[in-house]
file protein-v4.cif (mmCIF, C-alpha atoms)
data_protein
loop_
_atom_site.group_PDB
_atom_site.id
_atom_site.type_symbol
_atom_site.label_atom_id
_atom_site.label_comp_id
_atom_site.auth_asym_id
_atom_site.auth_seq_id
_atom_site.Cartn_x
_atom_site.Cartn_y
_atom_site.Cartn_z
ATOM 1 C CA MET B 1 0.000 0.000 0.000
ATOM 2 C CA ALA B 2 2.830 2.410 0.865
ATOM 3 C CA PHE B 3 4.525 1.605 -2.423
ATOM 4 C CA GLN B 4 1.311 2.171 -4.341
ATOM 5 C CA THR B 5 0.682 5.524 -2.626
ATOM 6 C CA ASP B 6 4.233 6.583 -3.356
ATOM 7 C CA MET B 7 3.835 5.672 -6.991
ATOM 8 C CA ILE B 8 0.654 7.714 -7.308
ATOM 9 C CA PHE B 9 2.238 10.807 -5.745
ATOM 10 C CA LYS B 10 5.391 10.545 -7.811
ATOM 11 C CA THR B 11 3.513 9.870 -11.021
ATOM 12 C CA LEU B 12 1.156 12.797 -10.577
ATOM 13 C CA ALA B 13 3.875 15.218 -9.460
ATOM 14 C CA ASP B 14 4.602 15.915 -13.143
ATOM 15 C CA PRO B 15 2.281 18.699 -14.422
ATOM 16 C CA THR B 16 2.049 17.382 -17.997
ATOM 17 C CA ARG B 17 1.176 13.928 -16.752
ATOM 18 C CA ARG B 18 -1.376 15.395 -14.369
ATOM 19 C CA ALA B 19 -2.945 17.329 -17.254
ATOM 20 C CA ILE B 20 -3.224 14.114 -19.290
ATOM 21 C CA PHE B 21 -4.823 12.321 -16.359
ATOM 22 C CA GLU B 22 -7.264 15.191 -15.830
ATOM 23 C CA ARG B 23 -8.296 15.111 -19.474
ATOM 24 C CA LEU B 24 -8.926 11.392 -19.221
ATOM 25 C CA CYS B 25 -10.997 11.942 -16.061
ATOM 26 C CA ARG B 26 -13.119 14.509 -17.905
ATOM 27 C CA ASN B 27 -13.351 13.022 -21.377
ATOM 28 C CA GLY B 28 -13.178 9.304 -20.734
ATOM 29 C CA ASP B 29 -11.882 7.229 -23.578
ATOM 30 C CA LEU B 30 -9.091 8.842 -25.701
ATOM 31 C CA THR B 31 -6.396 7.634 -28.102
ATOM 32 C CA VAL B 32 -2.768 8.759 -27.968
ATOM 33 C CA ALA B 33 -3.399 10.893 -31.070
ATOM 34 C CA ALA B 34 -6.372 12.625 -29.446
ATOM 35 C CA LEU B 35 -4.380 13.188 -26.255
ATOM 36 C CA THR B 36 -1.409 14.563 -28.185
ATOM 37 C CA ALA B 37 -3.591 17.197 -29.816
ATOM 38 C CA GLY B 38 -3.697 19.878 -27.157
ATOM 39 C CA ALA B 39 -1.071 18.354 -24.858
ATOM 40 C CA GLY B 40 1.689 20.671 -26.097
ATOM 41 C CA VAL B 41 4.177 17.789 -26.255
ATOM 42 C CA SER B 42 5.090 15.178 -28.870
ATOM 43 C CA GLN B 43 3.262 11.882 -29.319
ATOM 44 C CA PRO B 44 6.224 9.818 -27.988
ATOM 45 C CA ALA B 45 6.226 12.034 -24.899
ATOM 46 C CA VAL B 46 2.493 11.474 -24.387
ATOM 47 C CA SER B 47 3.018 7.715 -24.820
ATOM 48 C CA LYS B 48 5.736 7.807 -22.176
ATOM 49 C CA HIS B 49 3.450 9.641 -19.738
ATOM 50 C CA LEU B 50 0.672 7.147 -20.424
ATOM 51 C CA ALA B 51 3.036 4.254 -19.684
ATOM 52 C CA ALA B 52 3.895 5.843 -16.315
ATOM 53 C CA LEU B 53 0.210 6.421 -15.534
ATOM 54 C CA LYS B 54 -0.570 2.799 -16.422
ATOM 55 C CA LEU B 55 2.241 1.559 -14.183
ATOM 56 C CA ALA B 56 0.760 3.500 -11.250
ATOM 57 C CA GLY B 57 -2.651 1.976 -11.986
ATOM 58 C CA LEU B 58 -4.151 5.384 -12.773
ATOM 59 C CA VAL B 59 -4.931 4.691 -16.417
ATOM 60 C CA ARG B 60 -6.083 1.650 -18.347
ATOM 61 C CA GLY B 61 -5.509 0.940 -22.053
ATOM 62 C CA ARG B 62 -8.020 -0.903 -24.226
ATOM 63 C CA HIS B 63 -7.061 -2.150 -27.679
ATOM 64 C CA GLN B 64 -9.531 -1.456 -30.443
ATOM 65 C CA GLY B 65 -8.321 -2.345 -33.936
ATOM 66 C CA ARG B 66 -4.888 -0.806 -34.361
ATOM 67 C CA GLU B 67 -5.454 1.831 -31.734
ATOM 68 C CA THR B 68 -5.362 1.879 -27.975
ATOM 69 C CA HIS B 69 -8.019 3.836 -26.106
ATOM 70 C CA TYR B 70 -7.042 5.127 -22.685
ATOM 71 C CA SER B 71 -9.327 5.776 -19.759
ATOM 72 C CA ALA B 72 -8.764 7.047 -16.187
ATOM 73 C CA GLN B 73 -9.131 4.797 -13.158
ATOM 74 C CA PRO B 74 -10.281 7.272 -10.498
ATOM 75 C CA GLY B 75 -10.612 4.413 -7.991
ATOM 76 C CA ALA B 76 -6.806 4.197 -7.971
ATOM 77 C CA LEU B 77 -6.739 7.497 -6.078
ATOM 78 C CA ALA B 78 -8.257 5.959 -2.944
ATOM 79 C CA PRO B 79 -4.919 5.878 -1.054
ATOM 80 C CA LEU B 80 -4.797 9.682 -1.289
ATOM 81 C CA THR B 81 -8.098 10.158 0.502
ATOM 82 C CA GLU B 82 -7.606 7.290 2.934
ATOM 83 C CA TRP B 83 -5.408 9.165 5.413
ATOM 84 C CA ALA B 84 -7.964 11.885 6.101
ATOM 85 C CA ALA B 85 -10.755 9.337 6.486
ATOM 86 C CA ARG B 86 -8.695 7.238 8.881
ATOM 87 C CA MET B 87 -7.685 10.224 11.040
ATOM 88 C CA ALA B 88 -11.241 11.593 11.126
ATOM 89 C CA THR B 89 -12.513 8.233 12.395
ATOM 90 C CA PHE B 90 -9.785 8.199 15.047
ATOM 91 C CA TRP B 91 -10.686 11.698 16.323
ATOM 92 C CA GLU B 92 -14.436 11.026 16.323
ATOM 93 C CA GLY B 93 -13.725 8.074 18.613
ATOM 94 C CA ARG B 94 -11.500 10.215 20.868
ATOM 95 C CA PHE B 95 -14.165 12.918 21.060
ATOM 96 C CA ASP B 96 -16.685 10.301 22.205
ATOM 97 C CA ALA B 97 -14.265 9.357 24.999
ATOM 98 C CA LEU B 98 -13.713 13.045 25.796
ATOM 99 C CA GLU B 99 -17.451 13.569 26.153
ATOM 100 C CA ASP B 100 -17.663 10.670 28.613
ATOM 101 C CA LEU B 101 -14.711 12.052 30.564
ATOM 102 C CA LEU B 102 -16.206 15.569 30.773
ATOM 103 C CA LYS B 103 -19.353 14.115 32.333
ATOM 104 C CA ARG B 104 -17.327 12.246 34.942
ATOM 105 C CA MET B 105 -15.024 15.170 35.835
ATOM 106 C CA ASP B 106 -15.402 17.136 39.053
ATOM 107 C CA GLN B 107 -16.601 20.675 38.586
ATOM 108 C CA MET D 1 -9.021 17.660 2.060
ATOM 109 C CA THR D 2 -6.690 20.649 2.016
ATOM 110 C CA ASP D 3 -7.408 24.231 2.899
ATOM 111 C CA THR D 4 -4.340 26.399 2.476
ATOM 112 C CA ALA D 5 -1.752 26.459 -0.259
ATOM 113 C CA ARG D 6 0.972 25.439 2.139
ATOM 114 C CA ASP D 7 -0.778 22.479 3.697
ATOM 115 C CA THR D 8 -0.817 19.175 2.014
ATOM 116 C CA ARG D 9 -3.542 17.343 3.866
ATOM 117 C CA THR D 10 -5.825 18.383 6.643
ATOM 118 C CA VAL D 11 -8.478 16.659 8.673
ATOM 119 C CA ILE D 12 -10.928 18.670 10.766
ATOM 120 C CA VAL D 13 -13.233 17.224 13.408
ATOM 121 C CA GLU D 14 -15.617 19.500 15.306
ATOM 122 C CA ARG D 15 -18.083 18.972 18.111
ATOM 123 C CA ASP D 16 -20.222 20.960 20.549
ATOM 124 C CA PHE D 17 -19.875 20.030 24.199
ATOM 125 C CA ALA D 18 -22.338 21.050 26.915
ATOM 126 C CA PHE D 19 -19.526 22.164 29.212
ATOM 127 C CA PRO D 20 -17.625 25.432 29.702
ATOM 128 C CA PRO D 21 -14.251 25.984 27.945
ATOM 129 C CA GLU D 22 -12.399 25.832 31.294
ATOM 130 C CA ARG D 23 -13.528 22.249 31.763
ATOM 131 C CA LEU D 24 -12.493 21.234 28.280
ATOM 132 C CA TRP D 25 -9.175 22.981 28.752
ATOM 133 C CA ARG D 26 -8.448 20.823 31.797
ATOM 134 C CA ALA D 27 -9.295 17.670 29.830
ATOM 135 C CA LEU D 28 -6.943 18.812 27.070
ATOM 136 C CA THR D 29 -4.019 19.804 29.293
ATOM 137 C CA GLN D 30 -3.918 17.712 32.484
ATOM 138 C CA PRO D 31 -1.983 14.459 31.939
ATOM 139 C CA HIS D 32 -4.286 12.184 33.957
ATOM 140 C CA LEU D 33 -7.314 13.630 32.154
ATOM 141 C CA ILE D 34 -5.662 13.446 28.702
ATOM 142 C CA GLU D 35 -5.054 9.780 29.422
ATOM 143 C CA GLY D 36 -8.760 9.399 30.103
ATOM 144 C CA TRP D 37 -9.762 10.198 26.526
ATOM 145 C CA LEU D 38 -6.675 10.236 24.347
ATOM 146 C CA MET D 39 -3.511 8.400 25.410
ATOM 147 C CA LYS D 40 -0.949 7.959 28.180
ATOM 148 C CA ASN D 41 1.340 10.989 28.188
ATOM 149 C CA ASP D 42 3.793 13.301 29.933
ATOM 150 C CA PHE D 43 2.186 16.482 28.673
ATOM 151 C CA ASP D 44 2.863 19.925 30.131
ATOM 152 C CA ALA D 45 1.200 23.081 28.787
ATOM 153 C CA GLN D 46 4.483 24.914 28.166
ATOM 154 C CA VAL D 47 5.566 25.996 24.698
ATOM 155 C CA GLY D 48 8.603 23.940 23.676
ATOM 156 C CA HIS D 49 7.816 21.055 26.041
ATOM 157 C CA ARG D 50 8.508 17.712 24.383
ATOM 158 C CA PHE D 51 6.348 14.774 25.310
ATOM 159 C CA ASN D 52 5.122 11.389 24.144
ATOM 160 C CA LEU D 53 1.663 10.038 23.614
ATOM 161 C CA ARG D 54 1.571 6.273 24.088
ATOM 162 C CA GLY D 55 -1.217 4.325 22.474
ATOM 163 C CA ASP D 56 -2.733 1.070 23.705
ATOM 164 C CA TRP D 57 -1.482 -0.563 20.519
ATOM 165 C CA GLY D 58 2.143 0.128 21.589
ATOM 166 C CA GLY D 59 2.686 3.043 19.256
ATOM 167 C CA VAL D 60 4.522 6.116 20.554
ATOM 168 C CA LEU D 61 3.975 9.602 19.151
ATOM 169 C CA ASP D 62 6.682 12.257 19.440
ATOM 170 C CA CYS D 63 5.148 15.615 20.280
ATOM 171 C CA GLU D 64 6.212 19.171 21.060
ATOM 172 C CA VAL D 65 3.978 21.948 22.357
ATOM 173 C CA LEU D 66 3.833 24.758 19.789
ATOM 174 C CA ALA D 67 1.219 27.155 21.166
ATOM 175 C CA VAL D 68 -0.775 27.535 24.371
ATOM 176 C CA GLU D 69 -3.593 30.026 24.856
ATOM 177 C CA PRO D 70 -5.487 28.943 27.993
ATOM 178 C CA ASN D 71 -9.152 28.085 27.422
ATOM 179 C CA ARG D 72 -8.835 29.079 23.753
ATOM 180 C CA SER D 73 -6.302 27.114 21.760
ATOM 181 C CA LEU D 74 -3.608 24.472 21.998
ATOM 182 C CA SER D 75 -1.270 23.226 19.325
ATOM 183 C CA TYR D 76 1.355 20.487 19.261
ATOM 184 C CA THR D 77 3.284 18.368 16.804
ATOM 185 C CA TRP D 78 2.079 14.825 16.307
ATOM 186 C CA ASN D 79 4.857 12.792 14.760
ATOM 187 C CA HIS D 80 5.121 9.074 14.371
ATOM 188 C CA ALA D 81 8.368 7.525 13.172
ATOM 189 C CA HIS D 82 7.790 4.109 11.684
ATOM 190 C CA ASP D 83 9.820 1.785 9.452
ATOM 191 C CA ASP D 84 6.817 1.303 7.233
ATOM 192 C CA ALA D 85 6.341 4.543 5.296
ATOM 193 C CA ALA D 86 2.588 4.028 5.316
ATOM 194 C CA PHE D 87 2.570 4.623 9.074
ATOM 195 C CA ASN D 88 5.152 7.358 9.094
ATOM 196 C CA LEU D 89 3.521 10.634 9.998
ATOM 197 C CA ASP D 90 4.662 14.207 10.468
ATOM 198 C CA SER D 91 1.797 16.445 11.522
ATOM 199 C CA VAL D 92 0.495 19.253 13.724
ATOM 200 C CA VAL D 93 -2.662 19.053 15.821
ATOM 201 C CA THR D 94 -4.484 22.239 16.822
ATOM 202 C CA PHE D 95 -7.435 22.419 19.201
ATOM 203 C CA THR D 96 -9.571 25.551 19.162
ATOM 204 C CA LEU D 97 -12.198 26.200 21.853
ATOM 205 C CA THR D 98 -15.042 28.640 21.287
ATOM 206 C CA LEU D 99 -17.573 29.626 23.927
ATOM 207 C CA THR D 100 -21.132 29.066 22.731
ATOM 208 C CA GLY D 101 -24.496 29.716 24.380
ATOM 209 C CA ALA D 102 -24.825 26.053 25.297
ATOM 210 C CA GLY D 103 -21.205 25.303 26.170
ATOM 211 C CA THR D 104 -18.079 24.964 24.052
ATOM 212 C CA HIS D 105 -17.410 24.293 20.417
ATOM 213 C CA LEU D 106 -14.236 22.236 19.973
ATOM 214 C CA ARG D 107 -12.433 22.156 16.660
ATOM 215 C CA MET D 108 -9.543 19.772 16.051
ATOM 216 C CA GLU D 109 -7.452 20.367 12.977
ATOM 217 C CA GLN D 110 -4.663 18.000 12.019
ATOM 218 C CA THR D 111 -2.398 18.974 9.175
ATOM 219 C CA GLY D 112 0.359 16.831 7.869
ATOM 220 C CA PHE D 113 1.987 14.630 5.407
ATOM 221 C CA ARG D 114 4.161 11.571 5.493
ATOM 222 C CA PRO D 115 7.889 12.387 5.344
ATOM 223 C CA ASP D 116 8.326 10.111 2.339
ATOM 224 C CA GLN D 117 5.852 12.228 0.442
ATOM 225 C CA LYS D 118 7.390 15.624 1.103
ATOM 226 C CA GLN D 119 9.615 15.340 -1.900
ATOM 227 C CA ALA D 120 6.826 14.138 -4.126
ATOM 228 C CA PHE D 121 4.719 17.141 -3.158
ATOM 229 C CA GLY D 122 7.721 19.452 -3.348
ATOM 230 C CA GLY D 123 7.387 22.423 -5.644
ATOM 231 C CA ALA D 124 4.134 21.083 -7.020
ATOM 232 C CA ARG D 125 2.104 22.081 -3.975
ATOM 233 C CA TYR D 126 0.239 24.892 -5.684
ATOM 234 C CA GLY D 127 -0.546 22.624 -8.575
ATOM 235 C CA TRP D 128 -1.767 20.033 -6.123
ATOM 236 C CA GLN D 129 -4.279 22.401 -4.593
ATOM 237 C CA GLN D 130 -5.999 23.001 -7.890
ATOM 238 C CA PHE D 131 -5.638 19.407 -8.881
ATOM 239 C CA LEU D 132 -7.166 17.981 -5.707
ATOM 240 C CA ALA D 133 -9.981 20.520 -5.758
ATOM 241 C CA LYS D 134 -10.851 19.522 -9.299
ATOM 242 C CA LEU D 135 -10.416 15.895 -8.471
ATOM 243 C CA GLU D 136 -13.009 16.084 -5.740
ATOM 244 C CA GLN D 137 -15.493 17.368 -8.294
ATOM 245 C CA VAL D 138 -14.543 14.639 -10.722
ATOM 246 C CA LEU D 139 -14.877 11.947 -8.084
ATOM 247 C CA ALA D 140 -18.215 13.335 -6.921
ATOM 248 C CA GLN D 141 -19.533 13.065 -10.463
ATOM 249 C CA ALA D 142 -18.022 9.638 -11.029
ATOM 250 C CA ASP D 143 -20.373 7.854 -8.618
#

call {"tool": "encode", "arguments": {"input": "protein-v4.cif", "output": "structure tokens"}}
result
Amino acid sequence: MAFQTDMIFKTLADPTRRAIFERLCRNGDLTVAALTAGAGVSQPAVSKHLAALKLAGLVRGRHQGRETHYSAQPGALAPLTEWAARMATFWEGRFDALEDLLKRMDQ
Amino acid sequence: MTDTARDTRTVIVERDFAFPPERLWRALTQPHLIEGWLMKNDFDAQVGHRFNLRGDWGGVLDCEVLAVEPNRSLSYTWNHAHDDAAFNLDSVVTFTLTLTGAGTHLRMEQTGFRPDQKQAFGGARYGWQQFLAKLEQVLAQAD
């Protein structure tokens, strides 16, 4: 899990790669050619970014004829939101205990 | 998830208690009372005081008091060194007490990131803010 989280952070730290991932989140299924148009970088560069995104589990490729269609896997981002959820649950539990303690305390 | 450009991740938990701030302050600052709701500790409400919070699970948190404003706010570091990066944590906890008509509103804000992720966030923090904000919208629509 730590490795996976690390991978996601490192992969998305690159702004061009993040932009590609965002476009896939918004527009769903896109080919390398479609992604290259408007990416501001060459097609080999886009392919390289897609390979990194695939490795981190953020993007999935689907072959259709001679082309590969790429789509985002937003579920792969779960490790990023997990920390906050885990800490919130911890503090809610502590606050319950605090409430009990306040009732028991002497004035 | 995040609320200032500098912070990477923040969790906020708030609750209204039917007791005056002075009573909450004691529960937040007296070691035997802290143990009653949080963890075993050697806390002292002095800025710069270093202490440990010891959990039932055997974990030990390294803490240092950063700010003390009696009956109003308390802030300390909440660090956990662990071999497994997933459990490594470097954070700051801030309690804010506000007097209300019915008692006290307590706000706990914990801000932090894992040391292994500092580099990954690095200079991209501003980009992250926008990215995560957008992402929340995307994820909300995805369901």

call {"tool": "residues_around", "arguments": {"input": "protein-v4.cif", "residues": "Leu53 of chain B", "least_positions_apart": "3", "cutoff": "8 Å", "atoms": "all atoms listed in the file", "output": "PyMOL selection string"}}
result
chain B and resi 11+17+21+49-50+56-59

call {"tool": "atom_distance", "arguments": {"input": "protein-v4.cif", "atom1": "atom CA of Gly65 of chain B", "atom2": "atom CA of Ile20 of chain B"}}
result
22.6 Å

call {"tool": "resolve_selection", "arguments": {"input": "protein-v4.cif", "expression": "the PyMOL selection byres ((chain D and resi 33) around 12)", "output": "list in words"}}
result
Ala97, Leu98, Glu99, Asp100, Leu101, Leu102, Arg104, Met105 and Asp106 of chain B; Arg23, Leu24, Trp25, Arg26, Ala27, Leu28, Thr29, Gln30, Pro31, His32, Ile34, Glu35, Gly36, Trp37, Leu38, Met39, Lys40, Asn41, Asp42 and Phe43 of chain D

call {"tool": "atom_distance", "arguments": {"input": "protein-v4.cif", "atom1": "atom CA of Met87 of chain B", "atom2": "atom CA of Val92 of chain D"}}
result
12.5 Å

call {"tool": "interface_residues", "arguments": {"input": "protein-v4.cif", "of": "chain B", "to": "chain D", "cutoff": "9 Å", "atoms": "all atoms listed in the file", "output": "ChimeraX atom specification"}}
result
/B:1-3,5-6,9-15,18,22,25-26,74-75,81,83-85,87-88,91-92,94-103,105,107

call {"tool": "resolve_selection", "arguments": {"input": "protein-v4.cif", "expression": "the PyMOL selection byres ((chain D and resi 78) around 9)", "output": "list of chain:residue names"}}
result
D:Leu53, D:Leu61, D:Asp62, D:Cys63, D:Glu64, D:Tyr76, D:Thr77, D:Asn79, D:His80, D:Leu89, D:Asp90, D:Ser91, D:Val92, D:Val93, D:Gln110, D:Gly112

call {"tool": "atom_distance", "arguments": {"input": "protein-v4.cif", "atom1": "atom CA of Thr96 of chain D", "atom2": "atom CA of Ser73 of chain D"}}
result
4.5 Å

call {"tool": "resolve_selection", "arguments": {"input": "protein-v4.cif", "expression": "the PyMOL selection byres ((chain D and resi 104) around 6)", "output": "VMD selection string"}}
result
chain D and resid 16 to 17 20 to 21 98 to 100 103 105

call {"tool": "closest_residue", "arguments": {"input": "protein-v4.cif", "among": "B:Val32, B:Ile8, B:Ser47, B:Gly40", "to": "Ala78 of chain B", "atoms": "only C-alpha atoms"}}
result
B:Ile8

call {"tool": "closest_residue", "arguments": {"input": "protein-v4.cif", "among": "D:Phe95, D:Ala45, D:Ala102, D:Gly59", "to": "Ser75 of chain D", "atoms": "all atoms listed in the file"}}
result
D:Phe95

call {"tool": "residues_around", "arguments": {"input": "protein-v4.cif", "residues": "Ala33 of chain B", "least_positions_apart": "4", "cutoff": "9 Å", "atoms": "only C-alpha atoms", "output": "ChimeraX atom specification"}}
result
/B:37,43,46

call {"tool": "decode", "arguments": {"input": "protein-v4.cif", "residues": "segment 23-77 of chain B", "atoms": "C-alpha atoms", "output": "PDB file, in the first residue's frame"}}
result
ATOM      1  CA  ARG B  23      -8.296  15.111 -19.474  1.00  0.00           C
ATOM      2  CA  LEU B  24      -8.926  11.392 -19.221  1.00  0.00           C
ATOM      3  CA  CYS B  25     -10.997  11.942 -16.061  1.00  0.00           C
ATOM      4  CA  ARG B  26     -13.119  14.509 -17.905  1.00  0.00           C
ATOM      5  CA  ASN B  27     -13.351  13.022 -21.377  1.00  0.00           C
ATOM      6  CA  GLY B  28     -13.178   9.304 -20.734  1.00  0.00           C
ATOM      7  CA  ASP B  29     -11.882   7.229 -23.578  1.00  0.00           C
ATOM      8  CA  LEU B  30      -9.091   8.842 -25.701  1.00  0.00           C
ATOM      9  CA  THR B  31      -6.396   7.634 -28.102  1.00  0.00           C
ATOM     10  CA  VAL B  32      -2.768   8.759 -27.968  1.00  0.00           C
ATOM     11  CA  ALA B  33      -3.399  10.893 -31.070  1.00  0.00           C
ATOM     12  CA  ALA B  34      -6.372  12.625 -29.446  1.00  0.00           C
ATOM     13  CA  LEU B  35      -4.380  13.188 -26.255  1.00  0.00           C
ATOM     14  CA  THR B  36      -1.409  14.563 -28.185  1.00  0.00           C
ATOM     15  CA  ALA B  37      -3.591  17.197 -29.816  1.00  0.00           C
ATOM     16  CA  GLY B  38      -3.697  19.878 -27.157  1.00  0.00           C
ATOM     17  CA  ALA B  39      -1.071  18.354 -24.858  1.00  0.00           C
ATOM     18  CA  GLY B  40       1.689  20.671 -26.097  1.00  0.00           C
ATOM     19  CA  VAL B  41       4.177  17.789 -26.255  1.00  0.00           C
ATOM     20  CA  SER B  42       5.090  15.178 -28.870  1.00  0.00           C
ATOM     21  CA  GLN B  43       3.262  11.882 -29.319  1.00  0.00           C
ATOM     22  CA  PRO B  44       6.224   9.818 -27.988  1.00  0.00           C
ATOM     23  CA  ALA B  45       6.226  12.034 -24.899  1.00  0.00           C
ATOM     24  CA  VAL B  46       2.493  11.474 -24.387  1.00  0.00           C
ATOM     25  CA  SER B  47       3.018   7.715 -24.820  1.00  0.00           C
ATOM     26  CA  LYS B  48       5.736   7.807 -22.176  1.00  0.00           C
ATOM     27  CA  HIS B  49       3.450   9.641 -19.738  1.00  0.00           C
ATOM     28  CA  LEU B  50       0.672   7.147 -20.424  1.00  0.00           C
ATOM     29  CA  ALA B  51       3.036   4.254 -19.684  1.00  0.00           C
ATOM     30  CA  ALA B  52       3.895   5.843 -16.315  1.00  0.00           C
ATOM     31  CA  LEU B  53       0.210   6.421 -15.534  1.00  0.00           C
ATOM     32  CA  LYS B  54      -0.570   2.799 -16.422  1.00  0.00           C
ATOM     33  CA  LEU B  55       2.241   1.559 -14.183  1.00  0.00           C
ATOM     34  CA  ALA B  56       0.760   3.500 -11.250  1.00  0.00           C
ATOM     35  CA  GLY B  57      -2.651   1.976 -11.986  1.00  0.00           C
ATOM     36  CA  LEU B  58      -4.151   5.384 -12.773  1.00  0.00           C
ATOM     37  CA  VAL B  59      -4.931   4.691 -16.417  1.00  0.00           C
ATOM     38  CA  ARG B  60      -6.083   1.650 -18.347  1.00  0.00           C
ATOM     39  CA  GLY B  61      -5.509   0.940 -22.053  1.00  0.00           C
ATOM     40  CA  ARG B  62      -8.020  -0.903 -24.226  1.00  0.00           C
ATOM     41  CA  HIS B  63      -7.061  -2.150 -27.679  1.00  0.00           C
ATOM     42  CA  GLN B  64      -9.531  -1.456 -30.443  1.00  0.00           C
ATOM     43  CA  GLY B  65      -8.321  -2.345 -33.936  1.00  0.00           C
ATOM     44  CA  ARG B  66      -4.888  -0.806 -34.361  1.00  0.00           C
ATOM     45  CA  GLU B  67      -5.454   1.831 -31.734  1.00  0.00           C
ATOM     46  CA  THR B  68      -5.362   1.879 -27.975  1.00  0.00           C
ATOM     47  CA  HIS B  69      -8.019   3.836 -26.106  1.00  0.00           C
ATOM     48  CA  TYR B  70      -7.042   5.127 -22.685  1.00  0.00           C
ATOM     49  CA  SER B  71      -9.327   5.776 -19.759  1.00  0.00           C
ATOM     50  CA  ALA B  72      -8.764   7.047 -16.187  1.00  0.00           C
ATOM     51  CA  GLN B  73      -9.131   4.797 -13.158  1.00  0.00           C
ATOM     52  CA  PRO B  74     -10.281   7.272 -10.498  1.00  0.00           C
ATOM     53  CA  GLY B  75     -10.612   4.413  -7.991  1.00  0.00           C
ATOM     54  CA  ALA B  76      -6.806   4.197  -7.971  1.00  0.00           C
ATOM     55  CA  LEU B  77      -6.739   7.497  -6.078  1.00  0.00           C
TER      56      LEU B  77
END
